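J.: Okay, so here is entry_25.cif, and as you'll see once you scroll down, it has mmCIF, C-alpha atoms.
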```cif
data_work
loop_
_atom_site.label_atom_id
_atom_site.label_comp_id
_atom_site.auth_asym_id
_atom_site.auth_seq_id
_atom_site.Cartn_x
_atom_site.Cartn_y
_atom_site.Cartn_z
CA MET A 1 -24.78 -21.31 -22.71
CA ILE A 2 -24.54 -21.28 -26.52
CA GLU A 3 -27.49 -19.56 -28.16
CA HIS A 4 -28.73 -21.25 -31.30
CA PRO A 5 -30.15 -18.97 -34.00
CA MET A 6 -33.84 -19.21 -34.72
CA HIS A 7 -34.98 -20.62 -38.05
CA VAL A 8 -38.01 -19.95 -40.24
CA LEU A 9 -38.92 -22.33 -43.06
CA PHE A 10 -41.13 -21.16 -45.94
CA GLY A 11 -43.08 -23.65 -48.05
CA GLU A 12 -44.66 -21.67 -50.88
CA SER A 13 -45.77 -22.35 -54.44
CA ASP A 14 -44.20 -18.99 -55.37
CA PRO A 15 -41.20 -18.28 -53.09
CA GLU A 16 -40.70 -14.89 -54.72
CA ARG A 17 -43.65 -13.53 -52.77
CA SER A 18 -41.78 -13.74 -49.46
CA THR A 19 -38.41 -12.48 -50.71
CA VAL A 20 -38.62 -9.17 -48.83
CA ILE A 21 -39.74 -10.79 -45.58
CA ARG A 22 -37.00 -13.42 -45.78
CA GLU A 23 -34.38 -10.72 -46.29
CA HIS A 24 -35.70 -8.75 -43.29
CA LEU A 25 -35.49 -11.87 -41.12
CA ARG A 26 -31.93 -12.62 -42.27
CA ARG A 27 -30.83 -9.11 -41.37
CA ARG A 28 -32.03 -9.78 -37.85
CA GLY A 29 -29.87 -12.89 -37.58
CA ILE A 30 -32.71 -15.37 -38.14
CA GLY A 31 -31.99 -18.42 -40.28
CA VAL A 32 -34.27 -18.66 -43.31
CA ALA A 33 -34.91 -21.37 -45.91
CA ALA A 34 -37.59 -21.79 -48.57
CA SER A 35 -38.92 -24.54 -50.82
CA SER A 36 -41.64 -24.82 -53.45
CA ALA A 37 -41.95 -28.63 -53.21
CA SER A 38 -43.33 -30.60 -50.27
CA ARG A 39 -40.64 -33.31 -50.46
CA ASP A 40 -37.82 -30.74 -50.29
CA LEU A 41 -39.69 -28.98 -47.52
CA MET A 42 -39.71 -32.14 -45.41
CA THR A 43 -35.97 -32.58 -45.98
CA LEU A 44 -35.27 -29.01 -44.86
CA ALA A 45 -37.52 -29.44 -41.84
CA ARG A 46 -35.67 -32.58 -40.81
CA ARG A 47 -32.26 -30.91 -41.16
CA GLN A 48 -33.05 -27.53 -39.58
CA CYS A 49 -35.78 -28.22 -37.00
CA PRO A 50 -37.25 -24.75 -37.67
CA ASP A 51 -38.95 -22.70 -34.98
CA VAL A 52 -41.62 -21.46 -37.41
CA ILE A 53 -42.94 -22.99 -40.64
CA VAL A 54 -44.92 -20.85 -43.11
CA LEU A 55 -47.05 -23.01 -45.43
CA ASP A 56 -48.85 -21.84 -48.54
CA GLU A 57 -51.88 -23.95 -49.45
CA GLY A 58 -50.75 -23.75 -53.06
CA LEU A 59 -47.73 -25.91 -52.23
CA GLU A 60 -49.01 -29.23 -53.58
CA VAL A 61 -50.94 -30.64 -50.57
CA ALA A 62 -49.69 -28.09 -48.04
CA GLY A 63 -53.13 -27.42 -46.62
CA GLU A 64 -54.02 -31.06 -46.25
CA PRO A 65 -53.76 -32.63 -42.78
CA MET A 66 -51.32 -35.25 -44.06
CA LEU A 67 -48.46 -32.81 -44.75
CA VAL A 68 -49.16 -30.79 -41.62
CA ASP A 69 -49.19 -34.03 -39.62
CA LEU A 70 -45.84 -35.02 -41.10
CA LEU A 71 -44.33 -31.64 -40.26
CA ARG A 72 -45.77 -31.78 -36.76
CA ASN A 73 -44.24 -35.24 -36.21
CA GLN A 74 -40.93 -34.06 -37.65
CA CYS A 75 -40.86 -30.72 -35.79
CA PRO A 76 -43.18 -31.04 -32.76
CA GLN A 77 -42.15 -27.67 -31.29
CA ALA A 78 -42.46 -25.65 -34.50
CA ARG A 79 -45.21 -23.10 -34.88
CA ILE A 80 -47.00 -23.55 -38.20
CA ILE A 81 -48.54 -20.63 -40.10
CA LEU A 82 -50.97 -21.68 -42.84
CA LEU A 83 -51.62 -19.20 -45.67
CA LEU A 84 -55.11 -19.93 -46.97
CA PRO A 85 -56.66 -18.75 -50.27
CA PRO A 86 -59.18 -15.85 -50.31
CA GLY A 87 -62.59 -16.79 -48.98
CA SER A 88 -61.32 -19.66 -46.84
CA HIS A 89 -62.39 -20.15 -43.25
CA PRO A 90 -59.82 -21.47 -40.76
CA ASP A 91 -60.98 -24.79 -39.34
CA ARG A 92 -59.88 -24.25 -35.75
CA GLU A 93 -61.63 -27.29 -34.31
CA ASN A 94 -60.09 -29.78 -36.73
CA GLN A 95 -56.67 -28.17 -36.35
CA ARG A 96 -56.70 -28.13 -32.56
CA HIS A 97 -54.66 -31.35 -32.31
CA LEU A 98 -52.02 -29.76 -34.57
CA GLU A 99 -51.43 -26.74 -32.36
CA PRO A 100 -49.73 -24.41 -32.41
CA VAL A 101 -51.15 -23.53 -35.85
CA CYS A 102 -51.99 -20.08 -37.17
CA SER A 103 -54.25 -19.73 -40.21
CA LEU A 104 -54.15 -16.49 -42.22
CA VAL A 105 -56.50 -15.87 -45.13
CA ALA A 106 -55.03 -14.15 -48.20
CA PRO A 107 -54.37 -11.44 -49.08
CA VAL A 108 -51.90 -10.99 -46.21
CA SER A 109 -49.71 -7.90 -46.29
CA GLU A 110 -45.96 -8.24 -45.80
CA ASP A 111 -45.94 -6.23 -42.57
CA ILE A 112 -48.70 -8.34 -41.00
CA LEU A 113 -47.08 -11.63 -42.01
CA GLU A 114 -43.72 -10.46 -40.68
CA THR A 115 -45.37 -9.40 -37.42
CA VAL A 116 -47.05 -12.80 -37.08
CA ILE A 117 -43.78 -14.62 -37.76
CA THR A 118 -41.92 -12.45 -35.25
CA SER A 119 -44.62 -13.10 -32.67
CA ALA A 120 -44.49 -16.84 -33.33
CA LEU A 121 -40.72 -16.87 -32.79
CA TRP A 122 -41.16 -15.66 -29.22
CA ARG A 123 -41.37 -18.37 -26.59
CA PRO A 124 -42.90 -17.91 -23.12
CA ASP A 125 -39.87 -19.61 -21.59
CA SER A 126 -37.39 -17.39 -23.42
CA ASP A 127 -34.33 -16.39 -21.39
CA SER A 128 -34.72 -12.83 -22.60
CA PRO A 129 -38.03 -11.13 -21.73
CA SER A 130 -37.19 -8.41 -24.24
CA ALA A 131 -37.43 -11.00 -27.01
CA ARG A 132 -41.20 -10.77 -26.86
CA PRO A 133 -42.58 -8.37 -29.47
CA SER A 134 -45.04 -5.77 -28.21
CA VAL A 135 -47.91 -6.75 -30.49
CA ILE A 136 -51.06 -4.65 -30.26
CA LEU A 137 -54.30 -5.98 -31.74
CA CYS A 138 -56.88 -3.46 -33.02
CA VAL A 139 -60.45 -4.51 -33.78
CA ASP A 140 -62.91 -2.13 -35.45
CA ASP A 141 -65.39 -2.54 -38.31
CA ASP A 142 -64.74 1.08 -39.37
CA VAL A 143 -61.79 0.43 -41.71
CA LEU A 144 -60.81 4.10 -41.99
CA PHE A 145 -60.62 4.51 -38.21
CA LEU A 146 -58.89 1.14 -37.87
CA ASN A 147 -56.17 2.13 -40.34
CA SER A 148 -55.70 5.48 -38.62
CA LEU A 149 -55.35 3.85 -35.20
CA MET A 150 -52.84 1.34 -36.56
CA ARG A 151 -50.75 4.10 -38.18
CA ILE A 152 -50.55 6.02 -34.90
CA LEU A 153 -49.32 2.98 -33.00
CA ARG A 154 -46.91 1.81 -35.69
CA SER A 155 -45.33 5.26 -35.94
CA HIS A 156 -44.22 4.83 -32.32
CA GLY A 157 -42.58 1.46 -32.77
CA TYR A 158 -45.38 -0.99 -31.95
CA ALA A 159 -46.10 -4.08 -34.04
CA VAL A 160 -49.80 -3.79 -34.86
CA ILE A 161 -52.31 -6.20 -36.38
CA GLY A 162 -55.82 -5.07 -37.28
CA TYR A 163 -59.12 -6.88 -37.84
CA ASP A 164 -62.44 -5.45 -39.01
CA ASP A 165 -64.26 -8.65 -37.98
CA PRO A 166 -64.46 -9.49 -34.24
CA GLU A 167 -64.92 -13.22 -34.86
CA LYS A 168 -61.74 -13.37 -36.95
CA ALA A 169 -59.97 -11.42 -34.23
CA LEU A 170 -61.12 -13.94 -31.64
CA GLU A 171 -59.56 -16.74 -33.69
CA ALA A 172 -56.34 -14.76 -34.06
CA ILE A 173 -55.74 -13.78 -30.44
CA PRO A 174 -54.13 -17.04 -29.21
CA LEU A 175 -51.98 -17.04 -32.34
CA HIS A 176 -50.58 -13.52 -32.33
CA HIS A 177 -49.83 -13.26 -28.58
CA PRO A 178 -51.02 -9.62 -28.38
CA SER A 179 -49.82 -7.56 -25.45
CA MET A 180 -53.06 -5.59 -25.44
CA ILE A 181 -56.19 -4.96 -27.52
CA PHE A 182 -57.98 -1.81 -28.70
CA LEU A 183 -61.56 -2.96 -29.24
CA ASP A 184 -64.52 -1.15 -30.77
CA VAL A 185 -67.79 -1.67 -28.90
CA ARG A 186 -70.41 -1.19 -31.59
CA MET A 187 -69.88 -3.77 -34.33
CA PRO A 188 -72.36 -5.98 -36.20
CA GLY A 189 -72.66 -9.61 -35.13
CA MET A 190 -70.37 -10.19 -32.17
CA ASN A 191 -70.01 -6.73 -30.65
CA GLY A 192 -67.09 -5.49 -28.59
CA LEU A 193 -68.72 -6.20 -25.23
CA ASP A 194 -69.42 -9.81 -26.23
CA LEU A 195 -65.83 -10.27 -27.37
CA ALA A 196 -64.48 -8.58 -24.24
CA SER A 197 -66.52 -10.92 -22.03
CA GLU A 198 -65.17 -13.98 -23.85
CA LEU A 199 -61.62 -12.71 -23.51
CA ARG A 200 -62.10 -12.03 -19.81
CA THR A 201 -63.27 -15.62 -19.34
CA GLU A 202 -60.41 -17.04 -21.41
CA TYR A 203 -57.48 -14.85 -20.34
CA GLY A 204 -58.53 -13.09 -17.16
CA ALA A 205 -56.46 -9.99 -16.41
CA SER A 206 -53.46 -11.12 -18.45
CA LEU A 207 -54.70 -9.47 -21.66
CA PRO A 208 -55.45 -5.73 -21.17
CA LEU A 209 -58.42 -4.37 -23.11
CA VAL A 210 -59.22 -0.80 -24.15
CA LEU A 211 -62.77 -0.25 -25.39
CA LEU A 212 -63.65 2.35 -28.03
CA SER A 213 -67.02 3.84 -28.90
CA GLY A 214 -68.25 6.81 -30.90
CA ASN A 215 -71.29 7.58 -28.75
CA ALA A 216 -71.34 5.55 -25.56
CA SER A 217 -74.03 5.86 -22.91
CA ASP A 218 -73.22 5.77 -19.20
CA GLN A 219 -74.69 2.26 -19.04
CA GLU A 220 -72.59 1.09 -21.98
CA ILE A 221 -69.45 2.44 -20.33
CA ALA A 222 -70.38 0.72 -17.05
CA ASP A 223 -71.01 -2.55 -18.91
CA GLY A 224 -67.65 -2.15 -20.60
CA TYR A 225 -65.77 -1.90 -17.33
CA LYS A 226 -67.67 -4.93 -16.02
CA THR A 227 -66.06 -6.99 -18.81
CA GLY A 228 -62.65 -6.14 -17.39
CA ALA A 229 -61.69 -3.28 -19.73
CA ARG A 230 -58.90 -1.10 -18.36
CA TYR A 231 -59.88 2.07 -20.25
CA TYR A 232 -62.87 3.29 -22.24
CA LEU A 233 -62.17 5.88 -24.95
CA THR A 234 -64.68 7.92 -26.92
CA LYS A 235 -64.07 8.37 -30.63
CA PRO A 236 -62.50 10.28 -32.21
CA CYS A 237 -59.60 9.36 -29.92
CA ASP A 238 -56.79 11.75 -29.08
CA PRO A 239 -53.56 10.22 -30.53
CA GLY A 240 -51.54 11.27 -27.50
CA GLN A 241 -53.94 9.53 -25.15
CA VAL A 242 -53.93 6.38 -27.29
CA LEU A 243 -50.12 6.28 -27.15
CA GLU A 244 -49.95 6.93 -23.42
CA ILE A 245 -52.41 4.12 -22.72
CA ALA A 246 -50.41 1.78 -24.96
CA GLU A 247 -47.27 2.78 -23.10
CA VAL A 248 -48.87 2.13 -19.71
CA LEU A 249 -50.36 -1.25 -20.62
CA VAL A 250 -47.58 -2.62 -22.80
CA GLY A 251 -44.70 -1.11 -20.86
CA LYS A 252 -42.85 0.08 -23.92
CA VAL A 253 -41.83 3.55 -25.05
CA GLY A 254 -41.74 4.04 -28.81
CA PRO A 255 -38.85 5.62 -30.70
CA GLN A 256 -40.58 9.00 -30.82
CA GLU A 257 -40.78 9.42 -27.05
CA ARG A 258 -42.85 12.36 -25.95
CA GLU A 259 -41.66 14.69 -23.22
CA GLY A 260 -43.79 16.64 -20.80
CA SER A 261 -47.08 15.34 -22.09
CA GLY A 262 -48.97 16.37 -18.98
CA THR A 263 -51.94 14.19 -19.88
CA GLN A 264 -53.37 12.54 -16.78
CA LEU A 265 -54.85 9.10 -17.38
CA GLU A 266 -57.34 7.56 -15.00
CA GLU A 267 -57.40 3.79 -15.18
CA ARG A 268 -60.82 2.50 -14.21
CA GLY A 269 -62.29 -0.95 -13.89
CA ARG A 270 -58.95 -2.64 -13.36
CA THR A 271 -59.29 -6.41 -13.16
CA ARG A 272 -58.05 -8.12 -10.07
#
```
Could you write out this structure as structure tokens?

T.:
Amino acid sequence: MIEHPMHVLFGESDPERSTVIREHLRRRGIGVAASSASRDLMTLARRQCPDVIVLDEGLEVAGEPMLVDLLRNQCPQARIILLLPPGSHPDRENQRHLEPVCSLVAPVSEDILETVITSALWRPDSDSPSARPSVILCVDDDVLFLNSLMRILRSHGYAVIGYDDPEKALEAIPLHHPSMIFLDVRMPGMNGLDLASELRTEYGASLPLVLLSGNASDQEIADGYKTGARYYLTKPCDPGQVLEIAEVLVGKVGPQEREGSGTQLEERGRTR
């Protein structure tokens, strides 16, 4: 069977902003095109039938339903990523009929956008299971801890996306296809246990959760396992233990494989 290369189409008011990402994608054998005008964008979409379309709201009427509707009619299988201006709130309900759509609010770093695009390129019915990126989602309102956790995971080859707001993370989960989630328990508003319960209802055991807490009581830990969490870690977390848990749940060994760790992990509260 002939394999057709994947294509990503960028519609941006300033195409220079995605130059680095486009070059990275090309190096991986992915077809890339870009346009700063909606009419040209539609022509490219019709010719290429892209797998992923990245739309900047600054592209004329890119954020309006009309253009998204046109692209959806033209490329019904394409995954659309909307780049919204700062302060915007993704309108998930009104976009539901346009799925799959991912809304990202600026500023979006290059590594996060590239991770989202890579994740969107993966298809559940792909002939190659290895094509799926091992995306790990981290959710913690402590930005310093969040950044530290993400650095540890990224240094071992995982694609990592972080959120300091649990409600934004909830919106992002069906869009990023995470392989697992590290989730802080004590956060303002929707706390980690609330989010874990919603995820258990929505995804069952298919999305492994690891709960984190700086000072958890026995009852809090018990409540955490009742939500379906696979592990419960107390902050500050040991980096080696974080990586071993990621390796167990994601099934991937990073490039800096550790030998003879000797750390014994007990997995409790496994969902059935």

J.: For the provided coordinates, the residues matched by the PyMOL selection byres ((chain A and resi 45) around 12) should be stated as a ChimeraX atom specification.

T.: /A:7-11,32-35,38-44,46-54,67-68,70-78,80

J.: So which one's closest to A:Ser103, A:Tyr225, A:Pro236, A:Lys168, A:Arg26? Using all atoms listed in the file, please.

T.: A:Lys168

J.: Kindly give the distance, in Å, that separates atom CA of A:Leu59 and atom CA of A:Ser109, rounded to a single decimal.

T.: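 Taking atom CA of A:Leu59 as the start and atom CA of A:Ser109 as the end point, the length is 19.1 Å.
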
J.: Give me, as a CSV table (one decimal) with C-alpha atoms, keeping the file's coordinate frame, all polymer residues having an atom no more than 7 Å from stretch 208-216 of chain A, counting all atoms listed in the file and skipping those fewer than 2 positions away in the same chain.

T.:
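Result went into part_28.csv, see below:
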```
chain,number,residue,atom,x,y,z
A,180,MET,CA,-53.1,-5.6,-25.4
A,181,ILE,CA,-56.2,-5.0,-27.5
A,182,PHE,CA,-58.0,-1.8,-28.7
A,183,LEU,CA,-61.6,-3.0,-29.2
A,184,ASP,CA,-64.5,-1.2,-30.8
A,185,VAL,CA,-67.8,-1.7,-28.9
A,186,ARG,CA,-70.4,-1.2,-31.6
A,205,ALA,CA,-56.5,-10.0,-16.4
A,206,SER,CA,-53.5,-11.1,-18.4
A,218,ASP,CA,-73.2,5.8,-19.2
A,220,GLU,CA,-72.6,1.1,-22.0
A,221,ILE,CA,-69.4,2.4,-20.3
A,229,ALA,CA,-61.7,-3.3,-19.7
A,230,ARG,CA,-58.9,-1.1,-18.4
A,231,TYR,CA,-59.9,2.1,-20.2
A,232,TYR,CA,-62.9,3.3,-22.2
A,233,LEU,CA,-62.2,5.9,-25.0
A,234,THR,CA,-64.7,7.9,-26.9
A,235,LYS,CA,-64.1,8.4,-30.6
A,236,PRO,CA,-62.5,10.3,-32.2
A,249,LEU,CA,-50.4,-1.2,-20.6
```

J.: Mind telling me what the PyMOL selection byres ((chain A and resi 154) around 12) catches here, as number ranges by chain?

T.: A: 111-112, 115, 134-138, 147-153, 155-162, 239, 242-243, 246, 253-256

J.: Between A:Pro166, A:Ala37, A:Ser18, A:Arg27, which has the minimum distance to A:Val108 (counting only C-alpha atoms)?

T.: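 Looking only at the distances to A:Val108, the closest residue turns out to be A:Ser18.
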
J.: Taking only C-alpha atoms into account, which of A:Leu207, A:Thr118, A:Ile81, A:Val143 comes nearest A:Ser179?

T.: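 Ranked by minimum distance to A:Ser179, first place goes to A:Leu207.
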
J.: Between atom CA of A:Arg28 and atom CA of A:Val116, what is the distance, to one decimal in Å?

T.: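 So the two atoms, atom CA of A:Arg28 and atom CA of A:Val116, lie 15.3 Å apart.
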
J.: To one decimal place in Å, what is the distance between atom CA of A:Ser13 and atom CA of A:Ala169?

T.: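 Atom CA of A:Ala169 lies 27.0 Å from atom CA of A:Ser13.
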
J.: Let me make sure I understand: among A:Leu199, A:Val20, A:Val248, A:Met187, which one has the smallest atom-to-atom distance to A:Leu113 if we use only C-alpha atoms?

T.: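 With only C-alpha atoms as the atom set, the closest residue is A:Val20.
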
J.: Once the PyMOL selection byres ((chain A and resi 165) around 9) has been evaluated on this model, what residues remain selected, and can you format them as a list of chain:residue names?

T.: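 For this structure, the PyMOL selection byres ((chain A and resi 165) around 9) resolves to A:Val139, A:Asp140, A:Asp141, A:Tyr163, A:Asp164, A:Pro166, A:Glu167, A:Lys168, A:Ala169, A:Leu170, A:Met187, A:Pro188, A:Gly189, A:Met190.
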
J.: For A:Arg200, which residue out of A:Gly228, A:Ile245, A:Ile173, A:Ser36 is the nearest one, using all atoms listed in the file?

T.: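 Result for the nearest residue to A:Arg200: A:Gly228.
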
J.: So that I can check the surroundings of A:Leu83, please list as a PyMOL selection string every protein, DNA and RNA residue that reaches within 9 Å of it, counting all atoms listed in the file and ignoring chain neighbours fewer than 3 positions away.

T.: chain A and resi 54-58+63+102-108
